[in-house]
file input_4.csv (CSV, C-alpha atoms)
chain,number,residue,atom,x,y,z
I,1,MET,CA,-85.1,21.3,0.2
I,2,GLY,CA,-86.4,19.8,-3.1
I,3,GLU,CA,-87.9,16.4,-3.7
I,4,LEU,CA,-86.6,14.3,-0.9
I,5,SER,CA,-88.2,11.3,0.6
I,6,SER,CA,-88.5,11.1,4.4
I,7,THR,CA,-85.6,8.6,4.6
I,8,GLU,CA,-83.4,10.9,2.4
I,9,ARG,CA,-84.3,13.9,4.5
I,10,ASP,CA,-83.3,12.0,7.7
I,11,ALA,CA,-80.0,10.9,6.3
I,12,VAL,CA,-79.2,14.4,5.0
I,13,GLU,CA,-79.9,15.9,8.5
I,14,ARG,CA,-77.8,13.2,10.2
I,15,ALA,CA,-74.9,13.8,7.9
I,16,SER,CA,-74.8,17.6,8.2
I,17,ALA,CA,-75.1,17.4,12.0
I,18,GLU,CA,-71.8,15.4,12.4
I,19,PRO,CA,-69.0,17.2,14.3
I,20,MET,CA,-66.9,17.7,11.3
I,21,LEU,CA,-65.3,21.0,12.2
I,22,ASP,CA,-63.9,19.5,15.4
I,23,GLN,CA,-62.4,16.7,13.4
I,24,VAL,CA,-60.8,19.0,10.9
I,25,LEU,CA,-59.2,21.1,13.6
I,26,ALA,CA,-57.8,18.0,15.3
I,27,TRP,CA,-56.6,16.4,12.2
I,28,ALA,CA,-55.0,19.5,10.7
I,29,ALA,CA,-53.0,19.9,13.9
I,30,ILE,CA,-51.1,16.7,12.9
I,31,ASN,CA,-48.4,17.2,10.3
I,32,SER,CA,-48.9,14.5,7.8
I,33,GLY,CA,-46.6,15.6,5.0
I,34,SER,CA,-46.0,12.9,2.4
I,35,SER,CA,-42.5,12.2,3.7
I,36,ASN,CA,-43.3,12.5,7.5
I,37,LEU,CA,-43.6,8.8,8.2
I,38,ALA,CA,-44.2,9.4,12.0
I,39,GLY,CA,-46.9,11.9,11.3
I,40,LEU,CA,-48.5,9.7,8.7
I,41,GLU,CA,-48.5,6.8,11.1
I,42,ARG,CA,-50.2,8.9,13.8
I,43,MET,CA,-52.7,10.1,11.2
I,44,ALA,CA,-53.4,6.6,10.0
I,45,GLU,CA,-54.1,5.4,13.5
I,46,ILE,CA,-56.4,8.3,14.3
I,47,LEU,CA,-58.3,7.8,11.1
I,48,ALA,CA,-58.6,4.1,11.7
I,49,ASP,CA,-60.1,4.8,15.1
I,50,ALA,CA,-62.6,7.3,13.6
I,51,PHE,CA,-63.6,5.0,10.7
I,52,THR,CA,-64.3,2.1,13.1
I,53,ALA,CA,-67.7,3.8,13.5
I,54,LEU,CA,-68.5,2.1,10.2
I,55,PRO,CA,-69.0,-1.7,9.9
I,56,GLY,CA,-66.8,-4.0,7.9
I,57,VAL,CA,-63.1,-5.0,8.0
I,58,LEU,CA,-60.6,-2.3,8.5
I,59,ARG,CA,-56.9,-2.7,7.8
I,60,LEU,CA,-53.8,-0.5,7.6
I,61,GLU,CA,-52.1,-1.8,4.5
I,62,GLN,CA,-48.4,-1.7,3.8
I,63,PRO,CA,-47.3,0.5,0.9
I,64,ALA,CA,-46.2,-1.2,-2.3
I,65,PRO,CA,-42.4,-0.8,-3.1
I,66,VAL,CA,-41.4,2.4,-5.0
I,67,GLN,CA,-38.0,3.3,-6.4
I,68,THR,CA,-36.6,6.6,-7.5
I,69,VAL,CA,-33.3,8.1,-8.8
I,70,ASP,CA,-31.5,10.3,-6.3
I,71,ALA,CA,-29.3,13.3,-7.0
I,72,ALA,CA,-26.2,11.0,-7.2
I,73,GLY,CA,-27.8,8.9,-9.9
I,74,LYS,CA,-28.5,5.9,-7.6
I,75,THR,CA,-31.7,3.9,-7.6
I,76,VAL,CA,-33.1,4.1,-4.1
I,77,GLU,CA,-36.2,2.9,-2.3
I,78,LEU,CA,-38.9,5.5,-1.4
I,79,ASN,CA,-40.6,5.1,2.0
I,80,HIS,CA,-44.3,5.7,2.4
I,81,GLY,CA,-46.9,5.4,5.1
I,82,ARG,CA,-49.5,2.8,5.5
I,83,HIS,CA,-52.9,3.1,3.7
I,84,LEU,CA,-56.3,2.8,5.4
I,85,HIS,CA,-58.5,0.1,3.7
I,86,LEU,CA,-62.1,-0.6,4.8
I,87,SER,CA,-64.3,-3.2,3.2
I,88,VAL,CA,-68.0,-3.2,3.9
I,89,ARG,CA,-70.6,-5.8,2.7
I,90,PRO,CA,-68.6,-7.1,-0.3
I,91,THR,CA,-71.6,-9.2,-1.5
I,92,ALA,CA,-74.2,-6.4,-1.5
I,93,PRO,CA,-75.9,-5.7,-4.9
I,94,VAL,CA,-74.5,-2.2,-5.3
I,95,GLN,CA,-70.7,-1.7,-4.8
I,96,LEU,CA,-69.1,1.7,-4.5
I,97,LEU,CA,-65.6,3.0,-3.9
I,98,PHE,CA,-64.7,6.0,-1.7
I,99,THR,CA,-61.2,7.4,-1.8
I,100,GLY,CA,-59.2,10.1,-0.1
I,101,HIS,CA,-55.7,10.9,1.2
I,102,MET,CA,-54.2,11.6,4.5
I,103,ASP,CA,-51.0,13.2,3.3
I,104,THR,CA,-50.4,16.9,2.7
I,105,VAL,CA,-47.8,18.8,0.7
I,106,PHE,CA,-46.4,20.5,3.9
I,107,PRO,CA,-43.3,18.7,5.4
I,108,VAL,CA,-42.7,18.6,9.1
I,109,ASP,CA,-40.2,21.5,8.9
I,110,HIS,CA,-42.5,23.8,6.9
I,111,GLY,CA,-43.6,27.1,8.4
I,112,PHE,CA,-47.3,26.3,7.8
I,113,GLN,CA,-48.3,24.1,10.7
I,114,GLU,CA,-51.3,25.8,12.5
I,115,THR,CA,-54.9,26.7,11.8
I,116,ARG,CA,-56.3,30.2,12.2
I,117,TRP,CA,-59.6,32.0,11.4
I,118,LEU,CA,-59.3,34.4,8.5
I,119,GLU,CA,-62.9,35.5,9.0
I,120,ASP,CA,-66.2,34.1,10.2
I,121,ARG,CA,-66.6,30.6,8.8
I,122,VAL,CA,-63.3,30.7,6.8
I,123,LEU,CA,-60.5,28.6,8.3
I,124,ASN,CA,-56.9,28.7,7.2
I,125,GLY,CA,-54.6,25.8,7.8
I,126,PRO,CA,-52.5,23.0,6.4
I,127,GLY,CA,-54.7,20.4,4.7
I,128,VAL,CA,-58.0,21.9,5.9
I,129,ALA,CA,-59.4,21.7,2.4
I,130,ASP,CA,-57.0,19.2,0.8
I,131,MET,CA,-58.2,17.1,2.2
I,132,LYS,CA,-58.8,16.6,5.9
I,133,GLY,CA,-62.0,18.5,5.4
I,134,GLY,CA,-62.9,16.0,2.7
I,135,LEU,CA,-62.2,13.0,4.9
I,136,SER,CA,-64.5,14.3,7.6
I,137,VAL,CA,-67.2,14.8,4.9
I,138,MET,CA,-66.8,11.2,3.7
I,139,LEU,CA,-67.1,9.8,7.2
I,140,ALA,CA,-70.1,11.9,8.1
I,141,ALA,CA,-72.0,10.9,4.9
I,142,LEU,CA,-71.3,7.2,5.3
I,143,LYS,CA,-72.2,7.2,9.0
I,144,ALA,CA,-75.6,8.8,8.1
I,145,VAL,CA,-76.1,6.3,5.3
I,146,GLU,CA,-75.4,3.4,7.6
I,147,GLN,CA,-78.4,4.3,9.7
I,148,ASP,CA,-80.7,4.0,6.7
I,149,ARG,CA,-83.0,0.9,6.7
I,150,HIS,CA,-81.8,0.1,3.2
I,151,ALA,CA,-78.1,0.2,4.0
I,152,ASP,CA,-77.8,-3.5,3.4
I,153,ARG,CA,-78.2,-2.9,-0.3
I,154,LEU,CA,-74.9,-1.1,-0.4
I,155,GLY,CA,-71.4,-2.4,-0.2
I,156,TYR,CA,-68.3,-0.4,-0.5
I,157,GLU,CA,-64.5,0.0,-0.1
I,158,ILE,CA,-62.7,3.0,1.3
I,159,ILE,CA,-59.1,3.7,0.5
I,160,ILE,CA,-57.3,6.6,2.3
I,161,ASN,CA,-53.8,6.6,1.1
I,162,SER,CA,-50.6,8.2,2.4
I,163,ASP,CA,-49.0,9.2,-0.9
I,164,GLU,CA,-51.5,11.0,-3.1
I,165,GLU,CA,-49.6,14.2,-3.1
I,166,VAL,CA,-46.6,12.5,-4.5
I,167,GLY,CA,-48.3,10.5,-7.2
I,168,SER,CA,-49.9,7.5,-5.3
I,169,LEU,CA,-47.2,5.2,-6.6
I,170,SER,CA,-47.3,3.0,-3.4
I,171,SER,CA,-51.1,2.9,-3.3
I,172,ALA,CA,-52.0,2.6,-7.0
I,173,PRO,CA,-52.2,-1.2,-6.9
I,174,LEU,CA,-54.5,-1.1,-3.9
I,175,ILE,CA,-56.8,1.5,-5.6
I,176,ALA,CA,-56.9,-0.5,-8.8
I,177,GLN,CA,-57.8,-3.7,-6.9
I,178,ALA,CA,-60.5,-1.9,-4.9
I,179,ALA,CA,-62.0,-0.4,-8.1
I,180,GLN,CA,-62.8,-3.7,-9.6
I,181,GLY,CA,-66.5,-4.4,-10.0
I,182,LYS,CA,-67.6,-1.0,-8.6
I,183,ARG,CA,-70.7,0.8,-9.9
I,184,ALA,CA,-69.2,4.2,-9.2
I,185,ALA,CA,-66.6,6.0,-7.1
I,186,LEU,CA,-66.5,9.2,-5.1
I,187,THR,CA,-63.2,10.9,-4.2
I,188,TYR,CA,-63.0,13.7,-1.7
I,189,GLU,CA,-60.6,16.3,-3.2
I,190,PRO,CA,-61.8,19.8,-2.6
I,191,ALA,CA,-64.2,21.4,-5.1
I,192,ALA,CA,-62.5,22.8,-8.1
I,193,LEU,CA,-63.7,26.3,-7.3
I,194,PRO,CA,-64.8,27.9,-4.0
I,195,ASP,CA,-68.4,28.0,-5.2
I,196,GLY,CA,-68.6,24.2,-5.3
I,197,THR,CA,-67.9,23.6,-9.0
I,198,LEU,CA,-66.7,20.0,-9.6
I,199,ALA,CA,-63.7,19.0,-11.7
I,200,GLY,CA,-64.7,17.1,-14.8
I,201,ALA,CA,-62.2,15.9,-17.4
I,202,ARG,CA,-58.5,15.9,-16.2
I,203,PRO,CA,-55.2,15.5,-18.1
I,204,GLY,CA,-52.8,12.7,-17.2
I,205,SER,CA,-49.5,13.2,-15.5
I,206,GLY,CA,-46.1,11.6,-15.8
I,207,ASN,CA,-42.9,12.3,-13.9
I,208,PHE,CA,-39.6,11.4,-15.5
I,209,SER,CA,-36.0,11.4,-14.4
I,210,PHE,CA,-33.5,11.4,-17.2
I,211,LEU,CA,-30.1,10.1,-16.0
I,212,ILE,CA,-27.3,11.5,-18.2
I,213,ARG,CA,-23.8,10.0,-18.0
I,214,GLY,CA,-21.0,11.9,-19.7
I,215,LYS,CA,-17.3,11.8,-19.2
I,216,SER,CA,-15.2,13.9,-16.7
I,217,ALA,CA,-12.1,15.9,-17.7
I,218,HIS,CA,-10.1,18.8,-16.6
I,219,ALA,CA,-11.9,22.0,-17.6
I,220,GLY,CA,-8.6,23.7,-18.5
I,221,ARG,CA,-6.1,21.1,-19.6
I,222,ASN,CA,-8.3,18.7,-21.7
I,223,PRO,CA,-11.9,19.8,-21.8
I,224,GLU,CA,-12.3,18.4,-25.3
I,225,GLU,CA,-11.9,14.9,-23.9
I,226,GLY,CA,-14.9,15.4,-21.6
I,227,ARG,CA,-18.6,14.9,-22.3
I,228,ASN,CA,-20.5,17.5,-20.3
I,229,ALA,CA,-23.6,15.9,-18.7
I,230,VAL,CA,-25.0,19.2,-17.5
I,231,VAL,CA,-24.9,20.8,-20.9
I,232,ALA,CA,-26.6,17.6,-22.4
I,233,ALA,CA,-29.2,17.8,-19.7
I,234,SER,CA,-29.9,21.5,-20.4
I,235,GLU,CA,-30.3,20.8,-24.1
I,236,LEU,CA,-32.6,17.8,-23.4
I,237,ALA,CA,-34.7,20.1,-21.2
I,238,LEU,CA,-34.9,22.7,-24.1
I,239,ARG,CA,-35.8,20.0,-26.7
I,240,LEU,CA,-38.6,18.7,-24.5
I,241,ALA,CA,-39.9,22.1,-23.6
I,242,MET,CA,-40.0,23.1,-27.2
I,243,SER,CA,-41.9,19.9,-28.1
I,244,LYS,CA,-45.1,20.9,-26.1
I,245,THR,CA,-48.4,20.8,-28.0
I,246,PRO,CA,-51.9,22.2,-27.3
I,247,GLY,CA,-52.6,18.7,-25.8
I,248,LEU,CA,-49.3,18.2,-24.0
I,249,ALA,CA,-47.9,20.4,-21.3
I,250,ILE,CA,-44.2,19.8,-20.6
I,251,ASN,CA,-42.4,21.2,-17.6
I,252,PRO,CA,-38.6,20.6,-17.1
I,253,ALA,CA,-38.5,21.2,-13.4
I,254,LYS,CA,-35.0,20.5,-12.0
I,255,ILE,CA,-31.4,19.5,-13.0
I,256,ASP,CA,-29.2,17.8,-10.4
I,257,GLY,CA,-25.6,17.4,-11.2
I,258,GLY,CA,-22.3,19.2,-11.7
I,259,GLY,CA,-19.4,19.9,-9.3
I,260,PRO,CA,-16.3,22.0,-9.1
I,261,ASN,CA,-15.9,24.7,-11.8
I,262,ASN,CA,-12.6,23.1,-13.1
I,263,VAL,CA,-14.2,19.7,-13.8
I,264,VAL,CA,-16.3,18.7,-16.8
I,265,PRO,CA,-19.4,17.2,-15.1
I,266,ASP,CA,-20.0,13.5,-16.0
I,267,LEU,CA,-23.4,13.2,-14.3
I,268,ALA,CA,-26.7,15.1,-14.4
I,269,ILE,CA,-30.3,14.2,-13.7
I,270,LEU,CA,-33.1,16.1,-15.4
I,271,ARG,CA,-36.6,16.0,-13.8
I,272,VAL,CA,-39.6,16.6,-16.0
I,273,ASN,CA,-43.4,16.6,-15.6
I,274,MET,CA,-45.7,16.0,-18.6
I,275,ARG,CA,-49.4,16.4,-18.7
I,276,PRO,CA,-51.2,14.8,-21.7
I,277,ARG,CA,-54.8,15.8,-22.3
I,278,THR,CA,-55.8,12.5,-24.0
I,279,SER,CA,-54.4,9.0,-24.4
I,280,ASP,CA,-53.3,10.0,-27.9
I,281,ASP,CA,-51.4,12.9,-26.5
I,282,GLN,CA,-49.7,10.4,-24.1
I,283,GLU,CA,-48.6,8.3,-27.0
I,284,ILE,CA,-47.2,11.4,-28.7
I,285,ALA,CA,-45.3,12.2,-25.5
I,286,GLY,CA,-43.6,8.8,-25.7
I,287,ARG,CA,-42.4,9.4,-29.2
I,288,LEU,CA,-41.2,12.9,-28.3
I,289,ILE,CA,-39.2,11.6,-25.4
I,290,ALA,CA,-37.6,8.9,-27.5
I,291,LYS,CA,-36.7,11.4,-30.2
I,292,ALA,CA,-35.3,14.0,-27.9
I,293,VAL,CA,-33.2,11.5,-25.9
I,294,ASP,CA,-31.8,9.9,-29.0
I,295,GLU,CA,-30.8,13.2,-30.6
I,296,THR,CA,-29.3,14.6,-27.4
I,297,ALA,CA,-27.3,11.5,-26.7
I,298,LYS,CA,-25.9,11.4,-30.2
I,299,GLN,CA,-25.0,15.1,-30.3
I,300,HIS,CA,-23.3,15.1,-27.0
I,301,GLU,CA,-21.9,11.6,-27.0
I,302,VAL,CA,-23.5,10.8,-23.6
I,303,TYR,CA,-25.6,7.9,-22.3
I,304,ILE,CA,-29.2,8.6,-21.1
I,305,GLU,CA,-31.4,6.4,-19.0
I,306,ILE,CA,-35.1,7.1,-18.6
I,307,HIS,CA,-36.8,6.5,-15.3
I,308,GLY,CA,-40.4,7.1,-14.4
I,309,GLY,CA,-43.5,7.2,-16.5
I,310,PHE,CA,-47.2,8.2,-16.6
I,311,ALA,CA,-48.7,7.3,-13.2
I,312,ARG,CA,-51.9,9.3,-13.8
I,313,PRO,CA,-53.7,8.4,-17.1
I,314,PRO,CA,-55.8,11.1,-18.7
I,315,LYS,CA,-59.4,11.2,-17.5
I,316,PRO,CA,-61.9,12.1,-20.2
I,317,LEU,CA,-65.5,12.7,-19.3
I,318,SER,CA,-67.2,9.4,-20.4
I,319,GLU,CA,-70.9,8.9,-20.9
I,320,GLU,CA,-71.0,6.9,-17.6
I,321,ALA,CA,-69.2,9.7,-15.8
I,322,GLU,CA,-71.6,12.3,-17.2
I,323,ALA,CA,-74.5,10.2,-15.9
I,324,LEU,CA,-72.9,10.1,-12.5
I,325,PHE,CA,-72.3,13.9,-12.6
I,326,GLY,CA,-75.9,14.3,-13.5
I,327,LEU,CA,-77.0,12.3,-10.5
I,328,VAL,CA,-74.8,14.5,-8.2
I,329,GLN,CA,-76.2,17.6,-9.9
I,330,LYS,CA,-79.8,16.5,-9.3
I,331,ALA,CA,-79.0,15.7,-5.6
I,332,GLY,CA,-77.5,19.1,-5.3
I,333,ALA,CA,-80.6,20.8,-6.9
I,334,ASP,CA,-82.8,18.9,-4.4
I,335,LEU,CA,-80.7,20.3,-1.6
I,336,GLY,CA,-80.6,23.8,-2.9
I,337,GLN,CA,-76.9,23.5,-4.0
I,338,PRO,CA,-76.3,24.5,-7.6
I,339,ILE,CA,-73.7,21.9,-9.0
I,340,SER,CA,-71.8,22.3,-12.2
I,341,TRP,CA,-68.4,21.0,-13.4
I,342,GLN,CA,-65.6,22.1,-15.7
I,343,PRO,CA,-62.3,20.6,-16.9
I,344,SER,CA,-59.3,20.8,-14.5
I,345,GLY,CA,-55.6,20.9,-15.2
I,346,GLY,CA,-54.9,19.0,-11.9
I,347,VAL,CA,-54.7,15.3,-11.4
I,348,CYS,CA,-55.6,13.0,-8.6
I,349,ASP,CA,-56.6,9.4,-7.7
I,350,GLY,CA,-59.7,10.0,-9.8
I,351,ASN,CA,-57.5,9.6,-12.9
I,352,ASN,CA,-56.5,6.1,-11.8
I,353,ILE,CA,-60.0,5.1,-10.9
I,354,ALA,CA,-61.4,6.2,-14.2
I,355,ALA,CA,-58.7,4.2,-16.0
I,356,CYS,CA,-60.2,1.1,-14.4
I,357,GLY,CA,-63.5,1.8,-16.2
I,358,VAL,CA,-65.3,3.1,-13.1
I,359,PRO,CA,-67.2,6.5,-13.3
I,360,VAL,CA,-65.9,8.8,-10.7
I,361,VAL,CA,-66.7,12.3,-9.3
I,362,ASP,CA,-63.4,13.2,-7.6
I,363,THR,CA,-64.2,16.6,-6.1
I,364,MET,CA,-66.8,15.7,-3.5
I,365,GLY,CA,-64.9,17.4,-0.7
I,366,VAL,CA,-65.3,20.8,0.8
I,367,ARG,CA,-65.5,24.2,-0.7
I,368,GLY,CA,-62.3,26.2,-0.2
I,369,GLY,CA,-59.2,27.3,-2.1
I,370,LYS,CA,-55.6,28.2,-2.5
I,371,ILE,CA,-54.6,24.6,-1.7
I,372,HIS,CA,-50.9,23.7,-1.7
I,373,SER,CA,-50.1,27.1,-0.3
I,374,MET,CA,-49.9,28.8,3.1
I,375,GLU,CA,-53.1,30.6,2.2
I,376,GLU,CA,-55.2,27.3,1.9
I,377,PHE,CA,-58.6,27.8,3.3
I,378,LEU,CA,-61.8,26.0,4.1
I,379,ILE,CA,-65.3,27.5,4.0
I,380,THR,CA,-66.6,25.7,7.1
I,381,GLU,CA,-70.3,25.9,6.2
I,382,SER,CA,-69.5,23.6,3.2
I,383,LEU,CA,-68.8,20.7,5.6
I,384,GLY,CA,-72.5,20.2,6.3
I,385,GLU,CA,-73.4,21.0,2.7
I,386,ARG,CA,-71.1,18.5,1.1
I,387,ALA,CA,-71.8,15.8,3.7
I,388,ALA,CA,-75.5,16.2,2.8
I,389,LEU,CA,-74.7,16.1,-0.9
I,390,SER,CA,-72.7,12.9,-0.5
I,391,ALA,CA,-75.2,11.2,1.7
I,392,LEU,CA,-78.0,11.8,-0.8
I,393,THR,CA,-75.9,10.8,-3.7
I,394,ILE,CA,-74.9,7.5,-2.0
I,395,LEU,CA,-78.5,6.7,-1.1
I,396,ARG,CA,-79.7,7.2,-4.6
I,397,LEU,CA,-77.0,5.0,-6.0
I,398,ALA,CA,-78.0,2.4,-3.5
I,399,GLN,CA,-81.6,2.6,-4.6
I,400,GLU,CA,-80.5,1.1,-7.9
I,401,ALA,CA,-80.7,-2.3,-6.1
I,402,ALA,CA,-84.3,-1.7,-5.1
call {"tool": "encode", "arguments": {"input": "input_4.csv", "output": "structure tokens"}}
result
Amino acid sequence: MGELSSTERDAVERASAEPMLDQVLAWAAINSGSSNLAGLERMAEILADAFTALPGVLRLEQPAPVQTVDAAGKTVELNHGRHLHLSVRPTAPVQLLFTGHMDTVFPVDHGFQETRWLEDRVLNGPGVADMKGGLSVMLAALKAVEQDRHADRLGYEIIINSDEEVGSLSSAPLIAQAAQGKRAALTYEPAALPDGTLAGARPGSGNFSFLIRGKSAHAGRNPEEGRNAVVAASELALRLAMSKTPGLAINPAKIDGGGPNNVVPDLAILRVNMRPRTSDDQEIAGRLIAKAVDETAKQHEVYIEIHGGFARPPKPLSEEAEALFGLVQKAGADLGQPISWQPSGGVCDGNNIAACGVPVVDTMGVRGGKIHSMEEFLITESLGERAALSALTILRLAQEAA
């Protein structure tokens, strides 16, 4: 170890000694896919029990209302699980925010439900890296910090949401509220690379549903009287795809609609994801959408409604964020852990936190890889490493009040 005080060394040792692997194995055995409400409720209750080891007021918060457009073109309510919210010492001089998510991308009927050892210290399983491993790291670090004699200098809020993998629409208001007045935030997504590299700048992300209403007609007798919604949706998809720029990725992902071959379809829904690199690119995206929708609607004589928007703002690397990364890097160096960072094409709750003006490092979780696939893996020795890194980072942030 490098230049650690005796209290820092004690906290680091406590954090790395926590039984994190046992937690990961138990938590990964629970399917908590974003749409599995029963599994999410079970996960929320188990996490609530685990996090009662920390002081403060713990609540399971109801999700905010969220709507979407279904394949029939109807606006329907989306159901989400409850979110864990813990508030500790809200009047302490240094206030931090810690976030993570309990949901995974694997639904209850997915074939990937069990953990297995790929090799010594490499565990394969659903959510082991993203992010049940990260949740165990967060808890271990905070339990260690709470035993420090200067813990009363530090206040914090923890948000563990149930919908991060589907955009955090039902938890975004809770995260935004918790971010207010915070000195910094740490989020426990897995490291950007298996070597522990952190994610720096991130693009934004927006999900859109374009509801196209045409006019039905007989495909043989009077097709000229119809207005083909599927053709219009296809052209809109092409217009948008061809409008991409170096700072704006555009992915038309799905078209719902159509019916019997002898009927001109009068309804289609186009689903599109957009990822702007900067706020300027996001403004450009808005203009591109308006232009493509207007031109397609006029050419095909259809009506187009736009649903959705940019739920994840772009996350540039601000001066404050660079300073926080530097603090984490120094803590890593003192622990013998080389820490670097690089831009990432992915998005997470760190985007939303940064948009609130709070510097955030959002890949404080475990080392692993191949997340969102059946090959997802966790390098188990990183549990202790990253818990130590978090504990030391938190203590040094708390020392600002000294």
call {"tool": "atom_distance", "arguments": {"input": "input_4.csv", "atom1": "CA of Ala217 in chain I", "atom2": "CA of Ile304 in chain I"}}
result
18.9 Å
call {"tool": "closest_residue", "arguments": {"input": "input_4.csv", "among": "I:Ala50, I:Val263, I:Leu193, I:Val347", "to": "Val166 in chain I", "atoms": "only C-alpha atoms"}}
result
I:Val347
call {"tool": "residues_around", "arguments": {"input": "input_4.csv", "residues": "range 36-47 of chain I", "least_positions_apart": "6", "cutoff": "10 Å", "atoms": "all atoms listed in the file", "output": "VMD selection string"}}
result
chain I and resid 26 to 28 30 60 79 to 84 102 to 104 106 to 109 135 to 136 139 160 to 163
call {"tool": "closest_residue", "arguments": {"input": "input_4.csv", "among": "I:Val302, I:Leu198, I:Ala185, I:Ala391", "to": "Pro338 in chain I", "atoms": "all atoms listed in the file"}}
result
I:Leu198
call {"tool": "closest_residue", "arguments": {"input": "input_4.csv", "among": "I:Ile269, I:Met131, I:Ala333, I:Val88", "to": "Gln23 in chain I", "atoms": "all atoms listed in the file"}}
result
I:Met131
call {"tool": "closest_residue", "arguments": {"input": "input_4.csv", "among": "I:Ala355, I:Met20, I:Ala311, I:Ile339", "to": "Gly196 in chain I", "atoms": "all atoms listed in the file"}}
result
I:Ile339
call {"tool": "closest_residue", "arguments": {"input": "input_4.csv", "among": "I:Ala331, I:Leu186, I:Ala237, I:Leu392", "to": "Tyr156 in chain I", "atoms": "only C-alpha atoms"}}
result
I:Leu186
call {"tool": "closest_residue", "arguments": {"input": "input_4.csv", "among": "I:Gln147, I:Gln329, I:Ser216, I:Gln399", "to": "Arg14 in chain I", "atoms": "only C-alpha atoms"}}
result
I:Gln147
call {"tool": "residues_around", "arguments": {"input": "input_4.csv", "residues": "Arg277 in chain I", "least_positions_apart": "4", "cutoff": "10 Å", "atoms": "only C-alpha atoms", "output": "list in words"}}
result
Ala201, Arg202, Pro203, Gly204, Ser205, Thr245, Pro246, Gly247, Leu248, Ala249, Asp281, Gln282, Pro313, Pro314, Lys315, Pro316 and Gly345 of chain I
call {"tool": "residues_near_point", "arguments": {"input": "input_4.csv", "point": "(-80.2, 13.5, -6.6)", "cutoff": "12 Å", "atoms": "all atoms listed in the file", "output": "PyMOL selection string"}}
result
chain I and resi 1-5+8-9+12+323-339+388-399
call {"tool": "write_last_selection", "arguments": {"input": "input_4.csv", "atoms": "C-alpha atoms", "output": "PDB file, in the frame of the given file"}}
result
ATOM      1  CA  MET I   1     -85.100  21.300   0.200  1.00  0.00           C
ATOM      2  CA  GLY I   2     -86.400  19.800  -3.100  1.00  0.00           C
ATOM      3  CA  GLU I   3     -87.900  16.400  -3.700  1.00  0.00           C
ATOM      4  CA  LEU I   4     -86.600  14.300  -0.900  1.00  0.00           C
ATOM      5  CA  SER I   5     -88.200  11.300   0.600  1.00  0.00           C
ATOM      6  CA  GLU I   8     -83.400  10.900   2.400  1.00  0.00           C
ATOM      7  CA  ARG I   9     -84.300  13.900   4.500  1.00  0.00           C
ATOM      8  CA  VAL I  12     -79.200  14.400   5.000  1.00  0.00           C
ATOM      9  CA  ALA I 323     -74.500  10.200 -15.900  1.00  0.00           C
ATOM     10  CA  LEU I 324     -72.900  10.100 -12.500  1.00  0.00           C
ATOM     11  CA  PHE I 325     -72.300  13.900 -12.600  1.00  0.00           C
ATOM     12  CA  GLY I 326     -75.900  14.300 -13.500  1.00  0.00           C
ATOM     13  CA  LEU I 327     -77.000  12.300 -10.500  1.00  0.00           C
ATOM     14  CA  VAL I 328     -74.800  14.500  -8.200  1.00  0.00           C
ATOM     15  CA  GLN I 329     -76.200  17.600  -9.900  1.00  0.00           C
ATOM     16  CA  LYS I 330     -79.800  16.500  -9.300  1.00  0.00           C
ATOM     17  CA  ALA I 331     -79.000  15.700  -5.600  1.00  0.00           C
ATOM     18  CA  GLY I 332     -77.500  19.100  -5.300  1.00  0.00           C
ATOM     19  CA  ALA I 333     -80.600  20.800  -6.900  1.00  0.00           C
ATOM     20  CA  ASP I 334     -82.800  18.900  -4.400  1.00  0.00           C
ATOM     21  CA  LEU I 335     -80.700  20.300  -1.600  1.00  0.00           C
ATOM     22  CA  GLY I 336     -80.600  23.800  -2.900  1.00  0.00           C
ATOM     23  CA  GLN I 337     -76.900  23.500  -4.000  1.00  0.00           C
ATOM     24  CA  PRO I 338     -76.300  24.500  -7.600  1.00  0.00           C
ATOM     25  CA  ILE I 339     -73.700  21.900  -9.000  1.00  0.00           C
ATOM     26  CA  ALA I 388     -75.500  16.200   2.800  1.00  0.00           C
ATOM     27  CA  LEU I 389     -74.700  16.100  -0.900  1.00  0.00           C
ATOM     28  CA  SER I 390     -72.700  12.900  -0.500  1.00  0.00           C
ATOM     29  CA  ALA I 391     -75.200  11.200   1.700  1.00  0.00           C
ATOM     30  CA  LEU I 392     -78.000  11.800  -0.800  1.00  0.00           C
ATOM     31  CA  THR I 393     -75.900  10.800  -3.700  1.00  0.00           C
ATOM     32  CA  ILE I 394     -74.900   7.500  -2.000  1.00  0.00           C
ATOM     33  CA  LEU I 395     -78.500   6.700  -1.100  1.00  0.00           C
ATOM     34  CA  ARG I 396     -79.700   7.200  -4.600  1.00  0.00           C
ATOM     35  CA  LEU I 397     -77.000   5.000  -6.000  1.00  0.00           C
ATOM     36  CA  ALA I 398     -78.000   2.400  -3.500  1.00  0.00           C
ATOM     37  CA  GLN I 399     -81.600   2.600  -4.600  1.00  0.00           C
TER      38      GLN I 399
END
call {"tool": "atom_distance", "arguments": {"input": "input_4.csv", "atom1": "CA of Asp148 in chain I", "atom2": "CA of Pro19 in chain I"}}
result
19.2 Å
call {"tool": "residues_around", "arguments": {"input": "input_4.csv", "residues": "Ala321 in chain I", "least_positions_apart": "6", "cutoff": "8 Å", "atoms": "only C-alpha atoms", "output": "PyMOL selection string"}}
result
chain I and resi 359-361
call {"tool": "residues_around", "arguments": {"input": "input_4.csv", "residues": "His110 in chain I", "least_positions_apart": "4", "cutoff": "12 Å", "atoms": "all atoms listed in the file", "output": "list in words"}}
result
Asn31, Ser32, Gly33, Asn36, Thr104, Val105, Phe106, Glu114, Pro126, Ser373 and Met374 of chain I
call {"tool": "residues_around", "arguments": {"input": "input_4.csv", "residues": "Glu235 in chain I", "least_positions_apart": "6", "cutoff": "12 Å", "atoms": "all atoms listed in the file", "output": "ChimeraX atom specification"}}
result
/I:212,228-229,241-242,252,255,268,270,292-293,295-297,299-300
